[in-house]
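Raw contents of run-v6.tsv, TSV, C-alpha atoms and all ligand atoms:
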chain	number	residue	atom	x	y	z
K	157	MET	CA	1.28	-10.74	-15.20
K	158	LYS	CA	-1.05	-9.05	-12.69
K	159	LYS	CA	0.46	-7.71	-9.50
K	160	LEU	CA	-0.85	-8.85	-6.21
K	161	VAL	CA	-1.41	-6.28	-3.52
K	162	ALA	CA	-2.41	-8.72	-0.85
K	163	ALA	CA	-1.59	-12.29	-0.14
K	164	ILE	CA	-4.16	-15.02	-0.07
K	165	THR	CA	-6.39	-15.22	2.94
K	166	LEU	CA	-7.60	-18.65	3.88
K	167	LEU	CA	-10.68	-18.99	5.99
K	168	SER	CA	-11.02	-22.38	7.48
K	169	LEU	CA	-14.33	-23.56	8.86
K	170	ALA	CA	-13.26	-27.08	9.50
K	171	ARG	CA	-10.45	-29.40	8.66
K	172	LEU	CA	-11.15	-32.87	7.49
K	173	VAL	CA	-9.44	-35.39	9.69
K	174	LEU	CA	-9.93	-38.99	8.77
K	175	PRO	CA	-8.77	-41.27	11.56
K	176	VAL	CA	-8.21	-44.91	10.80
K	177	PRO	CA	-11.28	-46.64	12.18
K	178	CYS	CA	-10.90	-49.38	14.69
K	179	VAL	CA	-12.85	-52.26	13.24
K	180	ALA	CA	-13.80	-54.67	15.96
K	181	ALA	CA	-15.30	-58.07	15.33
K	182	ALA	CA	-18.99	-58.71	15.95
K	183	GLY	CA	-19.67	-59.20	19.67
K	184	ASP	CA	-16.55	-57.22	20.69
K	185	PRO	CA	-17.58	-54.48	23.16
K	186	THR	CA	-15.21	-51.94	21.49
K	187	PRO	CA	-17.45	-49.38	19.78
K	188	LEU	CA	-17.40	-49.36	16.01
K	189	VAL	CA	-16.94	-45.76	14.91
K	190	ARG	CA	-17.90	-44.46	11.48
K	191	THR	CA	-16.29	-41.42	9.90
K	192	ALA	CA	-18.73	-40.26	7.25
K	193	THR	CA	-17.68	-37.91	4.47
K	194	VAL	CA	-20.56	-35.49	4.03
K	195	PHE	CA	-20.95	-33.93	0.61
K	196	PRO	CA	-23.29	-31.11	-0.34
K	197	GLU	CA	-25.90	-31.91	-2.99
K	198	ILE	CA	-24.44	-31.51	-6.47
K	199	LEU	CA	-26.60	-29.44	-8.80
K	200	ASP	CA	-26.33	-29.95	-12.54
K	201	GLY	CA	-28.93	-27.77	-14.21
K	202	PRO	CA	-32.32	-28.90	-12.89
K	203	GLN	CA	-30.87	-32.22	-11.67
K	204	ARG	CA	-29.81	-32.71	-8.04
K	205	TYR	CA	-27.44	-35.50	-7.12
K	206	SER	CA	-26.33	-36.99	-3.83
K	207	VAL	CA	-22.74	-38.17	-3.63
K	208	LEU	CA	-22.13	-41.72	-2.39
K	209	ARG	CA	-18.74	-43.22	-1.55
K	210	GLY	CA	-18.41	-46.62	-3.12
K	211	ASP	CA	-16.01	-49.56	-3.28
K	212	PHE	CA	-16.80	-52.17	-5.91
K	213	HIS	CA	-13.90	-54.61	-5.57
K	214	ILE	CA	-13.57	-56.44	-2.24
K	215	HIS	CA	-12.50	-59.99	-1.27
K	216	THR	CA	-13.57	-62.22	1.62
K	217	LEU	CA	-12.84	-65.73	2.92
K	218	HIS	CA	-14.95	-66.99	-0.01
K	219	SER	CA	-11.83	-66.39	-2.14
K	220	ASP	CA	-8.40	-65.17	-1.03
K	221	GLY	CA	-9.57	-62.43	1.34
K	222	LYS	CA	-8.93	-62.58	5.09
K	223	LEU	CA	-12.26	-61.30	6.49
K	224	THR	CA	-15.77	-62.71	6.50
K	225	PRO	CA	-18.51	-61.01	4.45
K	226	ALA	CA	-20.06	-59.62	7.68
K	227	GLU	CA	-16.69	-58.20	8.77
K	228	ARG	CA	-16.30	-56.56	5.35
K	229	VAL	CA	-19.63	-54.80	5.73
K	230	ARG	CA	-18.79	-53.53	9.24
K	231	GLU	CA	-15.36	-52.41	8.02
K	232	ALA	CA	-16.77	-50.57	4.98
K	233	TRP	CA	-19.33	-48.87	7.21
K	234	ALA	CA	-16.60	-47.74	9.63
K	235	TYR	CA	-14.51	-46.38	6.75
K	236	GLY	CA	-17.39	-44.23	5.58
K	237	TYR	CA	-18.54	-46.11	2.48
K	238	ASP	CA	-22.19	-45.91	1.46
K	239	VAL	CA	-22.25	-48.61	-1.22
K	240	ILE	CA	-20.07	-51.69	-1.77
K	241	ALA	CA	-19.83	-54.85	-3.83
K	242	ILE	CA	-18.07	-57.94	-2.54
K	243	THR	CA	-16.35	-59.49	-5.54
K	244	ASP	CA	-14.73	-62.79	-4.67
K	245	HIS	CA	-12.93	-64.73	-7.37
K	246	ARG	CA	-15.17	-67.25	-9.10
K	247	ASN	CA	-18.22	-67.08	-6.79
K	248	PHE	CA	-20.75	-64.74	-5.23
K	249	GLU	CA	-21.57	-66.66	-2.05
K	250	ALA	CA	-20.67	-63.62	0.09
K	251	TYR	CA	-23.67	-61.67	-1.15
K	252	ALA	CA	-26.35	-63.66	0.68
K	253	GLU	CA	-24.27	-63.70	3.87
K	254	ALA	CA	-23.49	-59.98	3.78
K	255	LEU	CA	-26.95	-58.71	2.80
K	256	PRO	CA	-28.67	-58.83	6.23
K	257	VAL	CA	-25.63	-57.14	7.84
K	258	ALA	CA	-25.60	-54.46	5.13
K	259	GLU	CA	-29.30	-53.82	5.71
K	260	GLU	CA	-28.71	-53.53	9.44
K	261	PHE	CA	-25.89	-50.99	8.88
K	262	GLY	CA	-27.73	-49.05	6.16
K	263	LEU	CA	-25.09	-49.88	3.56
K	264	ILE	CA	-26.10	-50.51	-0.05
K	265	LEU	CA	-24.82	-53.93	-1.16
K	266	ILE	CA	-24.49	-54.93	-4.80
K	267	ARG	CA	-24.00	-58.50	-5.99
K	268	GLY	CA	-20.49	-58.96	-7.40
K	269	MET	CA	-17.85	-61.42	-8.55
K	270	GLU	CA	-14.37	-61.28	-10.08
K	271	THR	CA	-13.92	-63.30	-13.25
K	272	GLY	CA	-12.12	-62.94	-16.57
K	273	LEU	CA	-9.56	-64.60	-18.81
K	274	HIS	CA	-7.28	-67.39	-17.73
K	275	GLU	CA	-4.22	-65.71	-16.13
K	276	MET	CA	-4.86	-62.58	-18.11
K	277	GLU	CA	-7.40	-59.75	-17.86
K	278	HIS	CA	-9.50	-59.67	-14.69
K	279	LEU	CA	-13.10	-58.51	-15.01
K	280	VAL	CA	-15.27	-57.51	-12.07
K	281	THR	CA	-18.97	-57.94	-12.67
K	282	LEU	CA	-21.76	-56.28	-10.72
K	283	ASP	CA	-25.51	-56.65	-10.26
K	284	PHE	CA	-25.96	-59.70	-12.52
K	285	ALA	CA	-29.13	-61.74	-12.07
K	286	ASP	CA	-29.07	-64.15	-9.13
K	287	ASP	CA	-29.73	-67.13	-11.41
K	288	TYR	CA	-26.56	-66.50	-13.45
K	289	VAL	CA	-24.48	-69.70	-13.33
K	290	PRO	CA	-20.78	-68.98	-13.90
K	291	ARG	CA	-18.82	-71.36	-16.11
K	292	ASP	CA	-15.03	-71.46	-15.76
K	293	PRO	CA	-15.06	-68.12	-13.94
K	294	HIS	CA	-11.69	-66.34	-14.07
K	295	SER	CA	-10.49	-69.02	-16.50
K	296	TRP	CA	-12.13	-68.13	-19.78
K	297	ALA	CA	-10.26	-69.38	-22.84
K	298	GLU	CA	-9.07	-67.07	-25.57
K	299	SER	CA	-9.92	-69.49	-28.35
K	300	GLU	CA	-12.87	-71.72	-29.14
K	301	GLY	CA	-12.99	-75.49	-28.99
K	302	GLY	CA	-10.86	-76.19	-25.88
K	303	PRO	CA	-11.96	-77.63	-22.53
K	304	ARG	CA	-12.57	-74.20	-21.00
K	305	VAL	CA	-15.38	-71.89	-22.05
K	306	TYR	CA	-14.66	-69.36	-24.81
K	307	TYR	CA	-14.52	-65.84	-23.38
K	308	ARG	CA	-16.90	-64.39	-25.99
K	309	GLN	CA	-19.59	-66.89	-25.12
K	310	GLN	CA	-19.31	-66.44	-21.34
K	311	TRP	CA	-18.86	-62.66	-21.39
K	312	ARG	CA	-22.05	-62.28	-23.41
K	313	LYS	CA	-23.89	-64.64	-21.09
K	314	LEU	CA	-22.89	-62.43	-18.18
K	315	THR	CA	-24.10	-59.23	-19.82
K	316	ASP	CA	-27.28	-61.01	-20.96
K	317	ALA	CA	-27.81	-61.64	-17.23
K	318	ARG	CA	-27.68	-57.82	-16.81
K	319	GLY	CA	-24.08	-57.92	-15.51
K	320	PHE	CA	-22.19	-54.64	-15.42
K	321	VAL	CA	-18.56	-55.43	-16.35
K	322	LEU	CA	-15.49	-53.44	-15.39
K	323	TYR	CA	-11.85	-54.03	-16.23
K	324	ALA	CA	-9.97	-54.43	-12.94
K	325	HIS	CA	-6.34	-53.27	-12.43
K	326	PRO	CA	-6.08	-53.03	-16.24
K	327	HIS	CA	-2.81	-54.79	-16.92
K	328	VAL	CA	-2.57	-56.84	-20.09
K	329	GLY	CA	-1.11	-60.05	-18.73
K	330	PHE	CA	2.23	-61.83	-18.73
K	331	ASN	CA	5.02	-61.70	-21.27
K	332	GLY	CA	7.00	-64.83	-22.12
K	333	ALA	CA	9.45	-64.24	-19.25
K	334	GLY	CA	6.70	-64.25	-16.64
K	335	ALA	CA	6.72	-60.49	-16.01
K	336	TRP	CA	3.63	-58.38	-16.43
K	337	ALA	CA	3.68	-57.32	-20.08
K	338	ALA	CA	2.53	-53.81	-19.26
K	339	GLU	CA	4.66	-53.31	-16.21
K	340	THR	CA	6.73	-50.17	-16.50
K	341	GLY	CA	7.47	-49.13	-12.91
K	342	ASP	CA	8.49	-45.86	-14.55
K	343	PRO	CA	7.02	-42.41	-14.18
K	344	LEU	CA	4.37	-41.52	-16.73
K	345	ASP	CA	6.10	-40.84	-20.02
K	346	PRO	CA	3.60	-40.31	-22.82
K	347	PRO	CA	2.96	-41.85	-25.21
K	348	LEU	CA	2.04	-44.64	-22.82
K	349	ARG	CA	3.28	-48.05	-23.75
K	350	HIS	CA	0.22	-49.83	-22.44
K	351	GLY	CA	-2.18	-51.41	-24.88
K	352	LEU	CA	-5.46	-53.26	-24.98
K	353	ARG	CA	-5.48	-56.89	-26.08
K	354	GLU	CA	-8.01	-58.47	-28.39
K	355	PRO	CA	-10.44	-59.70	-25.69
K	356	ILE	CA	-10.86	-56.19	-24.31
K	357	ARG	CA	-11.03	-54.65	-27.78
K	358	TRP	CA	-13.74	-57.18	-28.63
K	359	GLY	CA	-15.67	-56.37	-25.42
K	360	LEU	CA	-15.49	-52.66	-26.26
K	361	ALA	CA	-16.60	-53.17	-29.86
K	362	GLU	CA	-19.55	-55.27	-28.69
K	363	GLY	CA	-20.52	-52.78	-25.95
K	364	LEU	CA	-19.95	-55.42	-23.24
K	365	LEU	CA	-17.36	-53.50	-21.20
K	366	HIS	CA	-18.85	-50.77	-19.06
K	367	GLY	CA	-16.20	-49.58	-16.63
K	368	ILE	CA	-12.51	-49.51	-15.74
K	369	GLU	CA	-10.39	-49.06	-12.62
K	370	VAL	CA	-8.10	-46.05	-12.85
K	371	ARG	CA	-6.95	-46.93	-9.37
K	372	ASN	CA	-6.68	-50.23	-7.54
K	373	HIS	CA	-5.67	-49.49	-3.95
K	374	THR	CA	-4.02	-52.88	-3.50
K	375	THR	CA	-1.71	-52.52	-6.51
K	376	ASP	CA	1.48	-51.08	-5.09
K	377	ARG	CA	3.80	-52.65	-7.67
K	378	GLY	CA	3.64	-54.49	-10.98
K	379	TRP	CA	0.37	-55.10	-12.78
K	380	GLY	CA	1.00	-52.25	-15.19
K	381	VAL	CA	0.66	-49.61	-12.48
K	382	VAL	CA	2.32	-46.27	-13.15
K	383	LYS	CA	3.91	-43.86	-10.66
K	384	ASN	CA	2.44	-40.47	-11.46
K	385	ARG	CA	1.31	-37.38	-9.52
K	386	GLY	CA	2.82	-38.84	-6.37
K	387	THR	CA	0.86	-42.06	-6.32
K	388	LEU	CA	0.36	-45.35	-8.15
K	389	TRP	CA	-2.51	-45.58	-10.61
K	390	PHE	CA	-3.48	-46.36	-14.21
K	391	PRO	CA	-3.39	-43.01	-16.05
K	392	MET	CA	-3.87	-44.73	-19.44
K	393	ALA	CA	-7.15	-46.17	-18.11
K	394	LEU	CA	-8.46	-42.64	-17.66
K	395	ASP	CA	-7.74	-41.91	-21.32
K	396	TRP	CA	-9.45	-45.18	-22.32
K	397	ALA	CA	-12.46	-44.24	-20.15
K	398	GLU	CA	-12.84	-40.96	-22.01
K	399	GLN	CA	-12.21	-42.57	-25.41
K	400	TYR	CA	-14.63	-45.48	-24.95
K	401	GLY	CA	-17.17	-43.94	-22.59
K	402	LEU	CA	-16.33	-46.21	-19.63
K	403	THR	CA	-17.37	-45.58	-16.03
K	404	VAL	CA	-14.35	-44.67	-13.91
K	405	PHE	CA	-13.61	-46.58	-10.67
K	406	ALA	CA	-11.16	-46.31	-7.75
K	407	ASN	CA	-11.56	-49.56	-5.83
K	408	SER	CA	-9.73	-51.19	-2.94
K	409	ASP	CA	-9.44	-54.82	-4.14
K	410	VAL	CA	-8.87	-55.34	-0.43
K	411	HIS	CA	-7.76	-58.80	0.73
K	412	PRO	CA	-6.49	-58.37	4.33
K	413	ALA	CA	-7.96	-55.76	6.71
K	414	ARG	CA	-8.05	-52.32	5.11
K	415	ALA	CA	-5.46	-50.88	7.48
K	416	GLU	CA	-2.92	-53.46	6.19
K	417	ALA	CA	-3.77	-53.48	2.49
K	418	GLY	CA	-1.82	-52.19	-0.50
K	419	ASN	CA	-1.02	-48.49	-0.35
K	420	ALA	CA	-1.83	-48.54	3.36
K	421	HIS	CA	-0.13	-45.20	4.03
K	422	GLU	CA	-2.67	-43.40	1.81
K	423	PRO	CA	-6.29	-42.70	2.72
K	424	GLN	CA	-8.64	-45.29	1.25
K	425	SER	CA	-9.56	-44.92	-2.41
K	426	ALA	CA	-13.21	-44.43	-3.27
K	427	THR	CA	-15.48	-44.33	-6.28
K	428	LEU	CA	-17.76	-41.33	-5.84
K	429	LEU	CA	-21.19	-41.80	-7.40
K	430	LEU	CA	-23.66	-39.08	-8.30
K	431	VAL	CA	-27.01	-40.69	-7.59
K	432	ARG	CA	-30.57	-39.53	-8.04
K	433	GLN	CA	-31.74	-41.99	-5.43
K	434	ARG	CA	-29.94	-43.55	-2.48
K	435	SER	CA	-30.63	-47.22	-3.22
K	436	ARG	CA	-29.20	-50.20	-5.08
K	437	GLU	CA	-31.18	-49.16	-8.17
K	438	GLY	CA	-29.97	-45.57	-7.80
K	439	ALA	CA	-26.33	-46.68	-7.47
K	440	MET	CA	-26.53	-48.99	-10.50
K	441	GLU	CA	-28.27	-46.30	-12.56
K	442	ALA	CA	-25.37	-43.92	-11.77
K	443	LEU	CA	-22.78	-46.58	-12.65
K	444	ARG	CA	-24.50	-47.42	-15.94
K	445	ALA	CA	-24.78	-43.71	-16.78
K	446	GLY	CA	-21.08	-43.18	-16.02
K	447	ARG	CA	-21.71	-40.68	-13.21
K	448	THR	CA	-18.60	-41.40	-11.13
K	449	VAL	CA	-15.37	-39.72	-10.14
K	450	ALA	CA	-12.44	-41.63	-8.63
K	451	HIS	CA	-11.01	-40.23	-5.39
K	452	PHE	CA	-7.52	-41.37	-4.37
K	453	GLY	CA	-4.03	-40.00	-3.73
K	454	GLY	CA	-5.44	-36.51	-3.13
K	455	MET	CA	-6.97	-36.46	-6.62
K	456	LEU	CA	-10.41	-36.33	-8.13
K	457	CYS	CA	-10.07	-38.20	-11.35
K	458	GLY	CA	-12.63	-38.96	-14.04
K	459	ARG	CA	-14.19	-38.17	-17.38
K	460	ARG	CA	-14.14	-34.46	-18.20
K	461	GLU	CA	-17.87	-33.87	-17.90
K	462	MET	CA	-18.18	-35.61	-14.53
K	463	VAL	CA	-15.14	-33.95	-12.96
K	464	ALA	CA	-16.45	-30.57	-14.18
K	465	THR	CA	-19.87	-31.27	-12.63
K	466	VAL	CA	-18.34	-32.33	-9.31
K	467	VAL	CA	-15.87	-29.43	-9.07
K	468	LYS	CA	-18.59	-26.94	-10.03
K	469	GLY	CA	-20.88	-28.48	-7.41
K	470	LEU	CA	-18.24	-28.43	-4.67
K	471	THR	CA	-16.97	-24.87	-5.22
K	472	ARG	CA	-18.17	-21.30	-5.53
K	473	VAL	CA	-16.01	-18.75	-7.34
K	474	ASP	CA	-16.81	-15.06	-7.06
K	475	PHE	CA	-14.62	-12.76	-9.14
K	476	ARG	CA	-15.41	-9.06	-9.15
K	477	SER	CA	-13.71	-5.71	-9.65
K	478	GLY	CA	-13.30	-2.99	-7.05
K	479	PRO	CA	-12.28	0.65	-7.30
K	480	ASN	CA	-9.43	1.73	-9.64
K	481	GLY	CA	-9.47	-1.53	-11.60
K	482	ALA	CA	-8.58	-3.68	-8.61
K	483	GLY	CA	-10.27	-7.02	-8.19
K	484	ARG	CA	-11.00	-9.76	-5.73
K	485	VAL	CA	-11.40	-13.50	-6.19
K	486	ARG	CA	-13.20	-15.48	-3.56
K	487	ILE	CA	-12.98	-19.27	-3.93
K	488	GLU	CA	-15.04	-21.43	-1.60
K	489	ASN	CA	-14.60	-25.15	-1.18
K	490	LEU	CA	-18.05	-26.32	-0.12
K	491	GLY	CA	-17.07	-29.96	0.09
K	492	PRO	CA	-15.10	-32.38	2.26
K	493	LEU	CA	-12.20	-32.92	-0.19
K	494	ALA	CA	-9.09	-30.76	-0.62
K	495	LEU	CA	-8.88	-28.89	-3.93
K	496	THR	CA	-5.91	-27.07	-5.44
K	497	ALA	CA	-6.63	-24.00	-7.54
K	498	GLU	CA	-3.96	-22.48	-9.77
K	499	LEU	CA	-4.93	-18.99	-10.94
K	500	LYS	CA	-3.51	-18.80	-14.43
K	501	GLY	CA	-1.46	-15.77	-15.42
K	502	LEU	CA	-0.92	-14.62	-11.85
K	503	ASP	CA	2.38	-14.72	-10.06
K	504	LEU	CA	0.97	-16.78	-7.26
K	505	LYS	CA	1.53	-20.21	-5.83
K	506	PRO	CA	-1.38	-22.63	-6.28
K	507	VAL	CA	-4.00	-22.21	-3.56
K	508	VAL	CA	-4.69	-25.38	-1.56
K	509	LEU	CA	-8.22	-25.32	-0.20
K	510	ASP	CA	-8.87	-27.93	2.45
K	511	ALA	CA	-12.37	-29.11	3.26
K	512	HIS	CA	-14.77	-26.20	3.70
K	513	GLN	CA	-12.08	-23.54	3.34
K	514	THR	CA	-12.41	-20.22	1.53
K	515	ALA	CA	-9.58	-18.28	-0.14
K	516	LEU	CA	-9.56	-14.57	-0.93
K	517	VAL	CA	-7.10	-13.25	-3.52
K	518	GLU	CA	-6.84	-9.51	-4.04
K	519	LEU	CA	-5.53	-8.19	-7.34
K	520	ALA	CA	-4.18	-4.74	-8.20
K	521	ASN	CA	-5.56	-5.09	-11.71
K	522	ALA	CA	-8.50	-7.35	-12.43
K	523	PRO	CA	-8.42	-8.98	-15.86
K	524	ASP	CA	-11.73	-9.49	-17.74
K	525	GLU	CA	-11.43	-13.20	-17.38
K	526	LEU	CA	-9.70	-15.59	-15.03
K	527	SER	CA	-8.76	-19.21	-15.72
K	528	ILE	CA	-8.49	-21.57	-12.80
K	529	ALA	CA	-6.66	-24.86	-13.23
K	530	TRP	CA	-7.87	-27.33	-10.59
K	531	THR	CA	-4.61	-29.20	-10.52
K	532	ASN	CA	-5.81	-32.19	-8.48
K	533	ALA	CA	-8.98	-32.59	-10.59
K	534	VAL	CA	-7.66	-34.79	-13.35
K	535	ILE	CA	-9.53	-35.37	-16.63
K	536	ARG	CA	-6.88	-37.05	-18.80
K	537	SER	CA	-3.57	-38.76	-18.03
K	538	THR	CA	-1.81	-35.43	-18.55
K	539	GLU	CA	-4.56	-32.84	-18.13
K	540	SER	CA	-6.35	-31.13	-15.24
K	541	LEU	CA	-9.72	-29.39	-15.30
K	542	VAL	CA	-9.70	-25.66	-16.17
K	543	THR	CA	-12.66	-23.37	-15.49
K	544	ILE	CA	-13.11	-19.82	-16.85
K	545	HIS	CA	-14.61	-17.01	-14.74
K	546	ARG	CA	-15.65	-13.57	-16.03
K	547	CYS	CA	-15.02	-10.53	-13.87
K	548	LEU	CA	-18.23	-8.95	-12.55
K	549	ARG	CA	-17.76	-5.21	-12.92
K	601	ZN	ZN	-7.87	-59.20	-9.87
K	602	ZN	ZN	-9.59	-58.70	-6.91
Same coordinates, now as structure tokens:
Amino acid sequence: MKKLVAAITLLSLARLVLPVPCVAAAGDPTPLVRTATVFPEILDGPQRYSVLRGDFHIHTLHSDGKLTPAERVREAWAYGYDVIAITDHRNFEAYAEALPVAEEFGLILIRGMETGLHEMEHLVTLDFADDYVPRDPHSWAESEGGPRVYYRQQWRKLTDARGFVLYAHPHVGFNGAGAWAAETGDPLDPPLRHGLREPIRWGLAEGLLHGIEVRNHTTDRGWGVVKNRGTLWFPMALDWAEQYGLTVFANSDVHPARAEAGNAHEPQSATLLLVRQRSREGAMEALRAGRTVAHFGGMLCGRREMVATVVKGLTRVDFRSGPNGAGRVRIENLGPLALTAELKGLDLKPVVLDAHQTALVELANAPDELSIAWTNAVIRSTESLVTIHRCLR
């Protein structure tokens, strides 16, 4: 245990305050105000990425949502999203209606629809060809030969039409008593009791499942959601994402206005994309390459490599020795999201760095190496990212 001679100093350049936007209807003279979340460029070797905030699961009046497609675009703009997909159940009529509004607001819009198995797994599909004709959407049969289309036939038709498919709020359906089979309502208690049913296992084996929601903002009970790290999410989905190479999503699945939906007391969830190009093509390339991190409940959550890239890109750690073996650690948060750094082996409370804050920690004895656990940067259901820093002498 190293002794501290000075407490942490926090230098704050700015605090991130995210007010709830007032989303007025078109024609209303109330100004529509956007709060944008500005990220620095993320460098990964020679590659430079821009960070986009995305939401790829949204409903409108074309299914059971309460807003029109145009209102959804204005709302997403006001809430600081850069890219969205409207994903009504069974149809994609919203796309054509929303596209001119999205273009006017500078928002990237991706064609989407929610489909899947009859009363079981829900699948959100993105960017499929515009001539794709859905058959029995959201009602695929689990066996062949019945009146409804067999899921294997229709799922493949969707991916043949270039559809990107993600597993939404990844519950596994009803049990005989009508309750969600995977519903635990309990804190995370590994080993997790959730499982994948045959249709999803088949989709994985065939390479037809590309992404998964680790967070669905609307799901505040049931549906297999787990209370963990102070919020409701699908920790097992993060482990499946790592195991099967799935793109990680935190989507809203919003039905009413955002301010009234689901976990309304929490800031909106977002899927952060690392894009090479700010366009529909750039966003889809990032999704297909798995370059996303979910942001919700104060966490950054994703596959190990992506979370490491994002945390490295959003921070600067300078660890060096001074006279008589003393040392100093300077940790800068260059980004707009709060990060918590736990300096391993030191008798020190975790350092919470708000947006654009810098912390200085002075040590009586500098070790050769320092491990930092970024406790709100989550890479597995039970594991946070750890980075190692050598002391510059
Ligand atoms: Zn759904
Ligand atoms: Zn939905």
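Near ligand ZN 602 (chain K), at a distance of at most 8 Å and with all atoms listed in the file counted, sit the residues His213, Ile214, His215, Thr243, Asp244, His245, Glu270, His278, Val280, Ala324, Asp409, Val410 and His411 of chain K.
Closest approach to Phe405 in chain K from the set K:Gly378, K:Gly301, K:Pro326, K:Gly351 is made by K:Pro326, with distances taken over only C-alpha atoms.
By chain and then residue number, the residues within 7 Å of range 303-319 of chain K are Leu273, Thr281, Leu282, Asp283, Phe284, Ala285, Tyr288, Arg291, Asp292, Trp296, Ala297, Glu298, Ser299, Glu300, Gly301, Val321 and Leu364 of chain K, counting all atoms listed in the file and disregarding those fewer than 2 positions away in sequence.
Comparing K:Gly401, K:Pro256, K:Gly221, K:Pro391 by their smallest distance to ligand ZN 601 (chain K), the closest is K:Gly221 (using only C-alpha atoms and all ligand atoms).
When only C-alpha atoms and all ligand atoms are used to measure the gap to ligand ZN 601 (chain K), the shortest distance among K:Ser206, K:Asn419, K:Thr374, K:Thr538 belongs to K:Thr374.
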Spatial neighbours of Phe212 in chain K, max dist 10 Å, all atoms listed in the file, sep filter under 5 positions, as a ChimeraX atom specification:
/K:239-243,265-269,280-282,322,369,405-409,426-427
Between CA of Val508 in chain K and CA of Glu197 in chain K, what is the distance, to one decimal in Å?
22.2 Å
From K:Lys222, K:Leu208, K:Met276, K:Glu259, residue lying nearest ligand ZN 601 (chain K) [only C-alpha atoms and all ligand atoms]:
K:Met276
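Near Leu394 in chain K, within 10 Å and counting only C-alpha atoms, sit Ile368, Glu369, Val370, Arg371, Trp389, Gln399, Tyr400, Leu402, Thr403, Val404, Phe405, Ala450, Cys457, Gly458, Arg459, Arg460, Val534, Ile535, Arg536, Ser537 and Thr538 of chain K; same-chain residues fewer than 5 positions away were not included.
Shortest separation to ligand ZN 601 (chain K) among K:Glu398, K:Glu461, K:Glu231, K:Glu277 occurs at residue K:Glu277, atoms counted being only C-alpha atoms and all ligand atoms.
Atom pair CA of Leu223 in chain K / CA of Pro423 in chain K: separated by 19.9 Å.
Counting all atoms listed in the file and comparing K:Pro187, K:Pro355, K:Pro479, K:Gly272, the residue that lies closest to ligand ZN 601 (chain K) is K:Gly272.
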Complete the atoms of range 252-263 of chain K to N, CA and C atoms and put them out as an mmCIF file, keeping the file's coordinate frame.
data_model
loop_
_atom_site.group_PDB
_atom_site.id
_atom_site.type_symbol
_atom_site.label_atom_id
_atom_site.label_comp_id
_atom_site.auth_asym_id
_atom_site.auth_seq_id
_atom_site.Cartn_x
_atom_site.Cartn_y
_atom_site.Cartn_z
ATOM 1 N N ALA K 252 -25.233 -63.257 -0.181
ATOM 2 C CA ALA K 252 -26.350 -63.660 0.680
ATOM 3 C C ALA K 252 -25.984 -63.524 2.161
ATOM 4 N N GLU K 253 -24.727 -63.812 2.475
ATOM 5 C CA GLU K 253 -24.270 -63.700 3.870
ATOM 6 C C GLU K 253 -24.188 -62.249 4.317
ATOM 7 N N ALA K 254 -23.742 -61.386 3.416
ATOM 8 C CA ALA K 254 -23.490 -59.980 3.780
ATOM 9 C C ALA K 254 -24.762 -59.147 3.772
ATOM 10 N N LEU K 255 -25.767 -59.559 3.010
ATOM 11 C CA LEU K 255 -26.950 -58.710 2.800
ATOM 12 C C LEU K 255 -27.673 -58.313 4.094
ATOM 13 N N PRO K 256 -27.976 -59.262 5.003
ATOM 14 C CA PRO K 256 -28.670 -58.830 6.230
ATOM 15 C C PRO K 256 -27.830 -57.864 7.064
ATOM 16 N N VAL K 257 -26.507 -58.043 7.074
ATOM 17 C CA VAL K 257 -25.630 -57.140 7.840
ATOM 18 C C VAL K 257 -25.638 -55.763 7.183
ATOM 19 N N ALA K 258 -25.577 -55.742 5.847
ATOM 20 C CA ALA K 258 -25.600 -54.460 5.130
ATOM 21 C C ALA K 258 -26.902 -53.725 5.413
ATOM 22 N N GLU K 259 -27.993 -54.457 5.440
ATOM 23 C CA GLU K 259 -29.300 -53.820 5.710
ATOM 24 C C GLU K 259 -29.330 -53.243 7.119
ATOM 25 N N GLU K 260 -28.765 -53.996 8.057
ATOM 26 C CA GLU K 260 -28.710 -53.530 9.440
ATOM 27 C C GLU K 260 -27.885 -52.236 9.567
ATOM 28 N N PHE K 261 -26.794 -52.146 8.798
ATOM 29 C CA PHE K 261 -25.890 -50.990 8.880
ATOM 30 C C PHE K 261 -26.282 -49.867 7.915
ATOM 31 N N GLY K 262 -27.305 -50.082 7.108
ATOM 32 C CA GLY K 262 -27.730 -49.050 6.160
ATOM 33 C C GLY K 262 -26.768 -48.865 5.002
ATOM 34 N N LEU K 263 -26.041 -49.918 4.676
ATOM 35 C CA LEU K 263 -25.090 -49.880 3.560
ATOM 36 C C LEU K 263 -25.753 -50.508 2.338
#
